[in-house]
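**Student:** Just so it is clear, I am handing over my_file.pdb, which has PDB, C-alpha atoms.
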```pdb
MODEL        1
ATOM      1  CA  MET A   1      66.459 -36.171 -49.365
ATOM      2  CA  LEU A   2      70.072 -36.076 -48.326
ATOM      3  CA  ALA A   3      72.572 -33.330 -48.941
ATOM      4  CA  GLU A   4      75.481 -34.582 -50.997
ATOM      5  CA  PRO A   5      78.454 -35.254 -48.711
ATOM      6  CA  PHE A   6      80.567 -32.290 -49.848
ATOM      7  CA  MET A   7      77.908 -29.573 -49.623
ATOM      8  CA  ILE A   8      79.486 -26.581 -47.920
ATOM      9  CA  ASP A   9      76.384 -24.453 -47.312
ATOM     10  CA  PRO A  10      76.213 -24.488 -43.485
ATOM     11  CA  ASN A  11      72.402 -24.615 -43.581
ATOM     12  CA  PHE A  12      72.460 -27.902 -45.456
ATOM     13  CA  LYS A  13      75.779 -29.550 -44.618
ATOM     14  CA  ARG A  14      74.961 -33.233 -43.963
ATOM     15  CA  ALA A  15      71.252 -32.358 -43.911
ATOM     16  CA  ALA A  16      68.483 -34.928 -44.038
ATOM     17  CA  VAL A  17      65.375 -33.172 -45.354
ATOM     18  CA  LEU A  18      61.812 -34.437 -45.367
ATOM     19  CA  LEU A  19      60.050 -32.994 -48.392
ATOM     20  CA  CYS A  20      56.475 -32.266 -47.320
ATOM     21  CA  ASP A  21      55.041 -30.441 -50.321
ATOM     22  CA  HIS A  22      56.216 -30.430 -53.917
ATOM     23  CA  THR A  23      54.049 -28.835 -56.569
ATOM     24  CA  LYS A  24      55.213 -27.883 -60.016
ATOM     25  CA  ALA A  25      53.587 -24.457 -59.927
ATOM     26  CA  GLU A  26      54.394 -23.397 -56.381
ATOM     27  CA  GLY A  27      57.707 -25.030 -55.527
ATOM     28  CA  SER A  28      58.674 -27.227 -52.600
ATOM     29  CA  VAL A  29      58.654 -27.163 -48.796
ATOM     30  CA  GLY A  30      60.559 -29.407 -46.432
ATOM     31  CA  PHE A  31      62.186 -29.589 -43.011
ATOM     32  CA  ILE A  32      65.759 -30.391 -42.017
ATOM     33  CA  LEU A  33      65.424 -33.329 -39.636
ATOM     34  CA  ASN A  34      68.883 -33.409 -38.099
ATOM     35  CA  LYS A  35      69.738 -29.895 -36.898
ATOM     36  CA  PRO A  36      68.559 -29.666 -33.277
ATOM     37  CA  LEU A  37      68.618 -26.354 -31.487
ATOM     38  CA  GLN A  38      69.347 -26.195 -27.795
ATOM     39  CA  THR A  39      65.870 -25.063 -26.777
ATOM     40  CA  LYS A  40      62.475 -26.514 -25.924
ATOM     41  CA  ILE A  41      59.183 -25.526 -27.530
ATOM     42  CA  ASP A  42      57.654 -24.277 -24.274
ATOM     43  CA  ASP A  43      60.581 -21.841 -23.955
ATOM     44  CA  LEU A  44      59.609 -20.256 -27.280
ATOM     45  CA  ILE A  45      55.835 -19.945 -26.958
ATOM     46  CA  ASP A  46      54.432 -18.203 -23.874
ATOM     47  CA  ASP A  47      51.123 -20.032 -23.532
ATOM     48  CA  PHE A  48      52.454 -23.455 -24.498
ATOM     49  CA  PRO A  49      52.140 -26.262 -21.927
ATOM     50  CA  GLU A  50      55.322 -27.506 -20.300
ATOM     51  CA  PHE A  51      56.677 -30.050 -22.774
ATOM     52  CA  ASP A  52      60.096 -31.615 -22.994
ATOM     53  CA  SER A  53      60.371 -31.492 -26.778
ATOM     54  CA  GLU A  54      63.472 -30.241 -28.530
ATOM     55  CA  VAL A  55      63.150 -27.729 -31.371
ATOM     56  CA  PHE A  56      64.980 -28.174 -34.675
ATOM     57  CA  PHE A  57      66.215 -25.779 -37.339
ATOM     58  CA  GLY A  58      63.827 -26.578 -40.176
ATOM     59  CA  GLY A  59      65.577 -24.391 -42.706
ATOM     60  CA  PRO A  60      66.556 -20.841 -43.529
ATOM     61  CA  VAL A  61      63.137 -19.696 -44.816
ATOM     62  CA  GLN A  62      60.828 -17.769 -42.457
ATOM     63  CA  VAL A  63      62.850 -18.442 -39.316
ATOM     64  CA  ASP A  64      60.192 -16.524 -37.398
ATOM     65  CA  SER A  65      57.716 -19.384 -37.910
ATOM     66  CA  ILE A  66      57.182 -22.665 -36.059
ATOM     67  CA  HIS A  67      56.082 -25.901 -37.734
ATOM     68  CA  TYR A  68      55.639 -29.456 -36.509
ATOM     69  CA  LEU A  69      55.718 -33.016 -37.762
ATOM     70  CA  HIS A  70      53.938 -35.686 -35.739
ATOM     71  CA  SER A  71      52.672 -39.246 -35.734
ATOM     72  CA  VAL A  72      49.181 -38.537 -34.380
ATOM     73  CA  GLY A  73      47.305 -37.511 -37.504
ATOM     74  CA  ASP A  74      44.199 -39.330 -36.314
ATOM     75  CA  LEU A  75      44.062 -37.086 -33.207
ATOM     76  CA  LEU A  76      44.916 -33.730 -34.770
ATOM     77  CA  GLU A  77      42.458 -32.265 -37.257
ATOM     78  CA  ASP A  78      43.742 -30.425 -40.325
ATOM     79  CA  SER A  79      47.076 -32.253 -40.305
ATOM     80  CA  VAL A  80      48.445 -33.390 -43.666
ATOM     81  CA  LYS A  81      49.872 -36.870 -44.163
ATOM     82  CA  VAL A  82      53.303 -36.494 -45.789
ATOM     83  CA  ALA A  83      54.601 -40.058 -45.406
ATOM     84  CA  LYS A  84      53.531 -43.297 -43.772
ATOM     85  CA  GLY A  85      53.237 -42.446 -40.061
ATOM     86  CA  VAL A  86      54.241 -38.779 -40.517
ATOM     87  CA  TYR A  87      51.882 -35.793 -40.516
ATOM     88  CA  TRP A  88      52.509 -32.074 -40.913
ATOM     89  CA  GLY A  89      50.752 -29.355 -38.915
ATOM     90  CA  GLY A  90      47.185 -29.401 -37.719
ATOM     91  CA  ASP A  91      44.981 -27.472 -35.315
ATOM     92  CA  PHE A  92      47.445 -25.690 -33.013
ATOM     93  CA  GLU A  93      44.979 -25.061 -30.162
ATOM     94  CA  LYS A  94      44.000 -28.731 -30.163
ATOM     95  CA  LEU A  95      47.700 -29.656 -30.202
ATOM     96  CA  LYS A  96      48.239 -27.641 -27.023
ATOM     97  CA  PHE A  97      45.188 -29.287 -25.432
ATOM     98  CA  LEU A  98      46.409 -32.791 -26.351
ATOM     99  CA  ILE A  99      49.868 -32.045 -24.947
ATOM    100  CA  HIS A 100      48.405 -30.567 -21.769
ATOM    101  CA  SER A 101      46.204 -33.678 -21.430
ATOM    102  CA  ASP A 102      49.294 -35.875 -21.843
ATOM    103  CA  LEU A 103      47.867 -37.466 -25.008
ATOM    104  CA  ILE A 104      50.879 -36.468 -27.125
ATOM    105  CA  LYS A 105      54.366 -37.418 -25.977
ATOM    106  CA  PRO A 106      57.630 -35.735 -27.051
ATOM    107  CA  SER A 107      58.557 -38.891 -28.987
ATOM    108  CA  GLN A 108      55.516 -38.339 -31.236
ATOM    109  CA  ILE A 109      56.279 -34.816 -32.421
ATOM    110  CA  ARG A 110      59.105 -32.654 -33.746
ATOM    111  CA  PHE A 111      59.003 -28.866 -33.792
ATOM    112  CA  PHE A 112      60.906 -26.747 -36.327
ATOM    113  CA  ILE A 113      61.860 -23.112 -36.575
ATOM    114  CA  GLY A 114      61.688 -22.097 -40.212
ATOM    115  CA  TYR A 115      61.541 -24.395 -43.190
ATOM    116  CA  THR A 116      63.408 -25.262 -46.349
ATOM    117  CA  GLY A 117      61.874 -23.984 -49.546
ATOM    118  CA  TRP A 118      62.551 -24.008 -53.254
ATOM    119  CA  SER A 119      60.868 -22.035 -56.002
ATOM    120  CA  ASP A 120      59.247 -23.700 -59.004
ATOM    121  CA  GLY A 121      61.822 -25.957 -60.682
ATOM    122  CA  GLN A 122      64.671 -25.014 -58.330
ATOM    123  CA  LEU A 123      64.710 -28.285 -56.390
ATOM    124  CA  LEU A 124      64.638 -30.416 -59.541
ATOM    125  CA  ASP A 125      67.564 -28.395 -60.894
ATOM    126  CA  GLU A 126      69.491 -28.963 -57.659
ATOM    127  CA  ILE A 127      68.755 -32.705 -57.785
ATOM    128  CA  ASP A 128      69.880 -32.863 -61.437
ATOM    129  CA  TYR A 129      73.063 -31.003 -60.469
ATOM    130  CA  GLY A 130      73.748 -33.584 -57.744
ATOM    131  CA  SER A 131      73.257 -31.406 -54.663
ATOM    132  CA  TRP A 132      70.582 -33.746 -53.274
ATOM    133  CA  LEU A 133      70.227 -37.515 -53.144
ATOM    134  CA  LEU A 134      66.777 -39.042 -52.927
ATOM    135  CA  ALA A 135      66.033 -41.574 -50.202
ATOM    136  CA  LYS A 136      62.985 -43.472 -48.991
ATOM    137  CA  MET A 137      61.266 -42.005 -45.969
ATOM    138  CA  ASP A 138      60.707 -43.927 -42.773
ATOM    139  CA  ALA A 139      58.855 -42.471 -39.781
ATOM    140  CA  ASN A 140      61.698 -43.720 -37.563
ATOM    141  CA  TYR A 141      63.951 -41.141 -39.219
ATOM    142  CA  VAL A 142      61.773 -38.387 -37.785
ATOM    143  CA  PHE A 143      60.850 -39.803 -34.397
ATOM    144  CA  LYS A 144      63.360 -42.484 -33.344
ATOM    145  CA  LEU A 145      66.890 -41.991 -34.684
ATOM    146  CA  LYS A 146      69.356 -39.644 -33.036
ATOM    147  CA  PRO A 147      69.703 -36.485 -35.153
ATOM    148  CA  GLU A 148      73.503 -36.690 -35.134
ATOM    149  CA  ASP A 149      73.327 -40.163 -36.716
ATOM    150  CA  LEU A 150      70.534 -39.500 -39.185
ATOM    151  CA  TRP A 151      72.386 -38.443 -42.356
ATOM    152  CA  GLN A 152      74.837 -41.336 -42.106
ATOM    153  CA  SER A 153      72.085 -43.865 -41.252
ATOM    154  CA  ILE A 154      69.890 -42.895 -44.192
ATOM    155  CA  MET A 155      72.874 -42.856 -46.541
ATOM    156  CA  THR A 156      73.903 -46.325 -45.312
ATOM    157  CA  ASN A 157      70.331 -47.600 -45.743
ATOM    158  CA  LYS A 158      70.486 -46.651 -49.429
ATOM    159  CA  GLY A 159      73.071 -49.450 -49.786
ATOM    160  CA  ASN A 160      75.760 -50.100 -52.400
ATOM    161  CA  THR A 161      78.173 -47.204 -52.925
ATOM    162  CA  PHE A 162      76.122 -45.000 -50.600
ATOM    163  CA  THR A 163      77.340 -47.126 -47.695
ATOM    164  CA  VAL A 164      80.871 -46.050 -48.581
ATOM    165  CA  ILE A 165      79.824 -42.413 -49.029
ATOM    166  CA  ALA A 166      78.267 -42.519 -45.545
ATOM    167  CA  GLN A 167      81.738 -43.187 -44.134
ATOM    168  CA  VAL A 168      83.266 -40.025 -45.652
ATOM    169  CA  PRO A 169      84.291 -37.821 -42.718
ATOM    170  CA  GLU A 170      82.361 -34.595 -42.263
ATOM    171  CA  ASP A 171      85.535 -32.589 -42.630
ATOM    172  CA  PHE A 172      87.003 -34.433 -45.588
ATOM    173  CA  THR A 173      90.138 -32.249 -45.548
ATOM    174  CA  TRP A 174      91.285 -34.376 -42.571
ATOM    175  CA  ASN A 175      91.136 -37.506 -44.663
TER     176      ASN A 175
ENDMDL
END
```
Let me see the structure of the file written as structure tokens.
**Tutor:**
Amino acid sequence: MLAEPFMIDPNFKRAAVLLCDHTKAEGSVGFILNKPLQTKIDDLIDDFPEFDSEVFFGGPVQVDSIHYLHSVGDLLEDSVKVAKGVYWGGDFEKLKFLIHSDLIKPSQIRFFIGYTGWSDGQLLDEIDYGSWLLAKMDANYVFKLKPEDLWQSIMTNKGNTFTVIAQVPEDFTWN
């Protein structure tokens, strides 16, 4: 999902969100993919192996929690496939072992502080209102593209008028 180009909420301005769980009764959970923080995961967790992986702001809900998306679902038990080539969570102790054993590289995982959440029906209301645009997911969005280019790249990939919308400057008052 992409935040509409004029959203002013600083948490979601130009946000690209991967929706990981959407159930009618319990609401929705996702992670903002393009808001990197200037810290590494091993700086946040004491017993974590040295690992050069940037941490992202996943959203304003439970900012005292850490989550991760990765491409190694076949190696990490209890992970949940959320898109082709993208998995959520999994056995944390095994994750640390795999990182320590150099079997998971920084390019295969993204860590997030907090998450983005919506109560039952809230997200659908926001989509109907026009706050969010739906887009197809590609694992490259999570693991390959530069975060600062992500919103514009996904918007451009939607084609047609979205290509024009992608060119709208972030601070449209300068236009």
**Student:** Mind pulling up the distance from CA of Lys96 in chain A to CA of Ile32 in chain A?
**Tutor:** 23.2 Å
**Student:** At a cut-off of 6 Å, using all atoms listed in the file, what residues contact Ser71 in chain A? Leave out same-chain residues fewer than 3 positions from it and give the result as a list in words.
**Tutor:**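 The contact residues come out as Gly85, Val86, Tyr87 and Gln108 of chain A.
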**Student:** If you apply the PyMOL selection byres ((chain A and resi 20) around 6) to this file, what residues do you get, as a ChimeraX atom specification?
**Tutor:** /A:19,21,29-30,82
**Student:** The selected residues should be written to file as a compact mmCIF listing (two decimals), in the frame of the given file (atoms: C-alpha atoms).
**Tutor:**
```
# COMPACT_ATOMS: atom_id res chain seq x y z
CA LEU A 19 60.05 -32.99 -48.39
CA ASP A 21 55.04 -30.44 -50.32
CA VAL A 29 58.65 -27.16 -48.80
CA GLY A 30 60.56 -29.41 -46.43
CA VAL A 82 53.30 -36.49 -45.79
```
**Student:** What's the separation between CA of Leu37 in chain A and CA of Phe112 in chain A, in Å to one decimal place?
**Tutor:**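 CA of Phe112 in chain A lies at a distance of 9.1 Å from CA of Leu37 in chain A.
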**Student:** Mind pulling up the distance from CA of Ile113 in chain A to CA of Phe57 in chain A?
**Tutor:**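 Separating CA of Phe57 in chain A from CA of Ile113 in chain A is a distance of 5.2 Å.
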**Student:** Give me the residues near Gly117 in chain A as a ChimeraX atom specification, where near means some atom within 9 Å (using all atoms listed in the file) and where sequence neighbours in that chain fewer than 6 positions away do not count.
**Tutor:** /A:27-31,59-61,123
**Student:** Which one of A:Gly130, A:Pro49, A:Gly58, A:Gly114 sits closest to Leu95 in chain A if you count only C-alpha atoms?
**Tutor:**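 Under the stated criterion, the closest residue is A:Pro49.
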**Student:** For the PyMOL selection byres ((chain A and resi 90) around 7), applied here, can you spell out every residue it catches as a ChimeraX atom specification?
**Tutor:** /A:76-79,88-89,91-92
**Student:** Can you pull out the residues contacting Phe6 in chain A? Cut-off 12 Å, using all atoms listed in the file, and skip same-chain residues under 5 positions away; I want them as a list of chain:residue names.
**Tutor:** A:Phe12, A:Lys13, A:Arg14, A:Ala15, A:Gly130, A:Ser131, A:Trp132, A:Ile165, A:Ala166, A:Val168, A:Pro169, A:Glu170, A:Asp171, A:Phe172, A:Thr173
**Student:** How big is the axis-aligned box around all listed atoms of range 60-72 of chain A once 3 Å goes on each side, and where's its centre, in Å to one decimal, as AutoDock Vina command-line options?
**Tutor:**
```
--center_x 57.9 --center_y -27.9 --center_z -39.6 --size_x 23.4 --size_y 28.7 --size_z 16.4
```
**Student:** Any idea what's packed within 9 Å of Gln38 in chain A, counting all atoms listed in the file, ignoring anything in its chain fewer than 6 positions away? Could you give it as an mmCIF file with C-alpha atoms, keeping the file's coordinate frame?
**Tutor:**
```cif
data_model
loop_
_atom_site.group_PDB
_atom_site.id
_atom_site.type_symbol
_atom_site.label_atom_id
_atom_site.label_comp_id
_atom_site.auth_asym_id
_atom_site.auth_seq_id
_atom_site.Cartn_x
_atom_site.Cartn_y
_atom_site.Cartn_z
ATOM 1 C CA GLU A 54 63.472 -30.241 -28.530
ATOM 2 C CA VAL A 55 63.150 -27.729 -31.371
ATOM 3 C CA PHE A 56 64.980 -28.174 -34.675
#
```
